[in-house]
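Student: Starting off with a structure, shown below.
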Amino acid sequence: MSQSTGGTRERIKAVALELFTEQGYEATSLREVAERLGVTKAALYYHFKSKDEIVTSVVEDRLERMDTLITWAESQPATLATRRAVIERYADAMFSGEQPSVMRFFEQNQTALKSLSAGRELRDRMFRLATALCQGDDSPGAQLRAVLALFAVHSSWFAVRTPDITDAERKQVALEVADELLAAIAEPPTRVPDLSGRNS
């Protein structure tokens, strides 16, 4: 491995995710990850001491993306335009770079994720983002629609089974379904100025 330390870590995570997705997290050993990388187990240990550390690093990358989006979403007005922008930014992040392989890993290894603290943090961020999506409407229906809009992005990786569909087409379908859900979330009522003079 003659790459930089950062590049080496990213390569390890990418290869590990491939194996975790192909074989399952529990069924994959660090030795198999090292073999596919073409390095010794000791070289792999220099960067990650366990499978949990690899997954935690992957989740932390995603948490950073989500924290940035949540902060932005919470600072925006509670409008349909904001909700659409949030879900589009979220989909852009989830469909970019290595994220498709990350999404497939998450979908196929839910049990392993639930047992890790990083997985629980990810769940917490999902609910925070859903809360930001339904700002201005705290009804049970709005809360459910916000969560389902996010789930539309996730589930597109396994629920859409059309042969030869491209990632761009998959993303478009997810956004269309999410938009139908977001459009049903109410916007807060516009305050009408009191012109009666009673408050003056």
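Scheme for the structure tokens: letters A, B, ... for chains in order shown; per-chain residue numbers from 1; ligand numbers from 1 in order shown.
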So that I can check the secondary structure, give me every residue of region 66-167 of chain A assigned helix (DSSP H, G or I) by backbone DSSP, as a ChimeraX atom specification.

Tutor: /A:66-74,80-94,99-108,110-114,117-133,140-159,167

Student: What lies within 9 Å of region 180-191 of chain A using only C-alpha atoms, ignoring chain neighbours under 6 positions off, as number ranges by chain?

Tutor: A: 78-80, 83-84, 133-137, 139, 141-143, 145-146, 148-149

Student: Could the residues in this selection be written to a file with all heavy atoms, as a compact mmCIF listing (two decimals), in the first residue's frame?

Tutor:
```
# COMPACT_ATOMS: atom_id res chain seq x y z
N ALA A 78 -39.87 27.18 7.36
CA ALA A 78 -40.61 25.92 7.28
C ALA A 78 -41.57 25.95 6.09
O ALA A 78 -42.78 26.15 6.23
CB ALA A 78 -41.38 25.68 8.57
N THR A 79 -41.01 25.76 4.89
CA THR A 79 -41.81 25.80 3.68
C THR A 79 -41.59 24.53 2.87
O THR A 79 -40.63 23.80 3.09
CB THR A 79 -41.42 27.00 2.80
OG1 THR A 79 -40.06 26.83 2.38
CG2 THR A 79 -41.55 28.31 3.57
N LEU A 80 -42.48 24.30 1.89
CA LEU A 80 -42.33 23.14 1.02
C LEU A 80 -41.04 23.26 0.21
O LEU A 80 -40.35 22.26 -0.03
CB LEU A 80 -43.53 23.02 0.08
CG LEU A 80 -43.48 21.88 -0.95
CD1 LEU A 80 -43.31 20.53 -0.27
CD2 LEU A 80 -44.75 21.90 -1.82
N ARG A 83 -38.29 21.99 2.35
CA ARG A 83 -38.33 20.53 2.47
C ARG A 83 -37.80 19.85 1.22
O ARG A 83 -37.08 18.86 1.29
CB ARG A 83 -39.77 20.08 2.75
CG ARG A 83 -40.26 20.54 4.12
CD ARG A 83 -41.69 20.10 4.42
NE ARG A 83 -42.12 20.72 5.66
CZ ARG A 83 -43.13 21.57 5.78
NH1 ARG A 83 -43.86 21.90 4.72
NH2 ARG A 83 -43.43 22.09 6.96
N ARG A 84 -38.18 20.39 0.07
CA ARG A 84 -37.67 19.82 -1.19
C ARG A 84 -36.16 19.98 -1.28
O ARG A 84 -35.46 19.07 -1.73
CB ARG A 84 -38.36 20.51 -2.36
CG ARG A 84 -39.80 20.03 -2.59
CD ARG A 84 -40.51 20.85 -3.63
NE ARG A 84 -41.79 20.25 -4.00
CZ ARG A 84 -42.79 20.93 -4.57
NH1 ARG A 84 -42.66 22.22 -4.83
NH2 ARG A 84 -43.91 20.30 -4.87
N LEU A 133 -37.52 18.27 8.67
CA LEU A 133 -38.34 18.20 7.47
C LEU A 133 -39.79 18.60 7.72
O LEU A 133 -40.46 19.08 6.80
CB LEU A 133 -38.31 16.78 6.88
CG LEU A 133 -37.21 16.44 5.89
CD1 LEU A 133 -37.30 14.97 5.51
CD2 LEU A 133 -37.29 17.32 4.65
N CYS A 134 -40.28 18.36 8.93
CA CYS A 134 -41.69 18.70 9.18
C CYS A 134 -41.84 19.88 10.13
O CYS A 134 -42.85 20.01 10.83
CB CYS A 134 -42.46 17.48 9.70
SG CYS A 134 -41.89 16.80 11.27
N GLN A 135 -40.85 20.77 10.14
CA GLN A 135 -40.95 21.99 10.94
C GLN A 135 -42.25 22.72 10.60
O GLN A 135 -42.60 22.87 9.43
CB GLN A 135 -39.78 22.94 10.64
CG GLN A 135 -38.46 22.54 11.25
CD GLN A 135 -37.40 23.60 11.01
OE1 GLN A 135 -37.21 24.47 11.83
NE2 GLN A 135 -36.75 23.54 9.87
N GLY A 136 -42.95 23.18 11.63
CA GLY A 136 -44.18 23.92 11.40
C GLY A 136 -45.42 23.05 11.42
O GLY A 136 -46.54 23.56 11.44
N ASP A 137 -45.25 21.74 11.38
CA ASP A 137 -46.39 20.82 11.43
C ASP A 137 -45.98 19.64 12.32
O ASP A 137 -45.26 18.75 11.88
CB ASP A 137 -46.76 20.33 10.03
CG ASP A 137 -47.99 19.43 10.02
OD1 ASP A 137 -48.48 19.08 11.12
OD2 ASP A 137 -48.45 19.07 8.93
N SER A 139 -47.94 17.42 13.66
CA SER A 139 -48.97 16.38 13.69
C SER A 139 -48.34 15.00 13.48
O SER A 139 -47.27 14.88 12.87
CB SER A 139 -50.01 16.63 12.60
OG SER A 139 -49.45 16.44 11.31
N GLY A 141 -49.23 12.71 11.46
CA GLY A 141 -49.13 12.44 10.03
C GLY A 141 -47.90 13.08 9.41
O GLY A 141 -47.23 12.46 8.58
N ALA A 142 -47.60 14.31 9.82
CA ALA A 142 -46.43 15.01 9.28
C ALA A 142 -45.14 14.32 9.71
O ALA A 142 -44.20 14.17 8.91
CB ALA A 142 -46.42 16.46 9.75
N GLN A 143 -45.10 13.88 10.98
CA GLN A 143 -43.90 13.18 11.47
C GLN A 143 -43.66 11.90 10.66
O GLN A 143 -42.52 11.60 10.29
CB GLN A 143 -44.08 12.85 12.94
CG GLN A 143 -44.13 14.08 13.85
CD GLN A 143 -44.55 13.74 15.27
OE1 GLN A 143 -44.32 12.63 15.75
NE2 GLN A 143 -45.19 14.67 15.94
N ARG A 145 -44.80 11.20 7.59
CA ARG A 145 -44.46 11.52 6.20
C ARG A 145 -43.01 11.94 6.06
O ARG A 145 -42.33 11.60 5.08
CB ARG A 145 -45.38 12.62 5.67
CG ARG A 145 -46.82 12.16 5.44
CD ARG A 145 -47.67 13.26 4.81
NE ARG A 145 -49.03 12.80 4.61
CZ ARG A 145 -50.05 13.04 5.45
NH1 ARG A 145 -49.83 13.74 6.57
NH2 ARG A 145 -51.25 12.56 5.20
N ALA A 146 -42.49 12.68 7.04
CA ALA A 146 -41.09 13.12 6.99
C ALA A 146 -40.15 11.92 7.05
O ALA A 146 -39.17 11.84 6.29
CB ALA A 146 -40.81 14.08 8.15
N LEU A 148 -40.91 8.80 6.23
CA LEU A 148 -41.08 8.01 5.01
C LEU A 148 -40.41 8.67 3.81
O LEU A 148 -39.94 7.98 2.90
CB LEU A 148 -42.58 7.80 4.74
CG LEU A 148 -43.29 6.86 5.71
CD1 LEU A 148 -44.80 6.83 5.41
CD2 LEU A 148 -42.71 5.45 5.64
N ALA A 149 -40.35 10.00 3.79
CA ALA A 149 -39.66 10.69 2.69
C ALA A 149 -38.18 10.34 2.70
O ALA A 149 -37.58 10.09 1.65
CB ALA A 149 -39.86 12.20 2.83
```

Student: Would you mind listing what lies within 9 Å of region 95-107 of chain A as a list in words, with only C-alpha atoms counted and same-chain residues fewer than 6 positions away left out?

Tutor: Ala14, Leu17, Glu18, Phe20, Thr21, Glu22, Gly24, Tyr25, Val58, Val59, Arg62, Leu113, His154, Ser155, Trp157, Phe158, Asp167, Ala168 and Lys171 of chain A

Student: Could you jot down the CA of Leu37 (chain A) to CA of Glu64 (chain A) separation for me, Å, one decimal place?

Tutor: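 Taking CA of Leu37 (chain A) as the start and CA of Glu64 (chain A) as the end point, the length is 26.6 Å.
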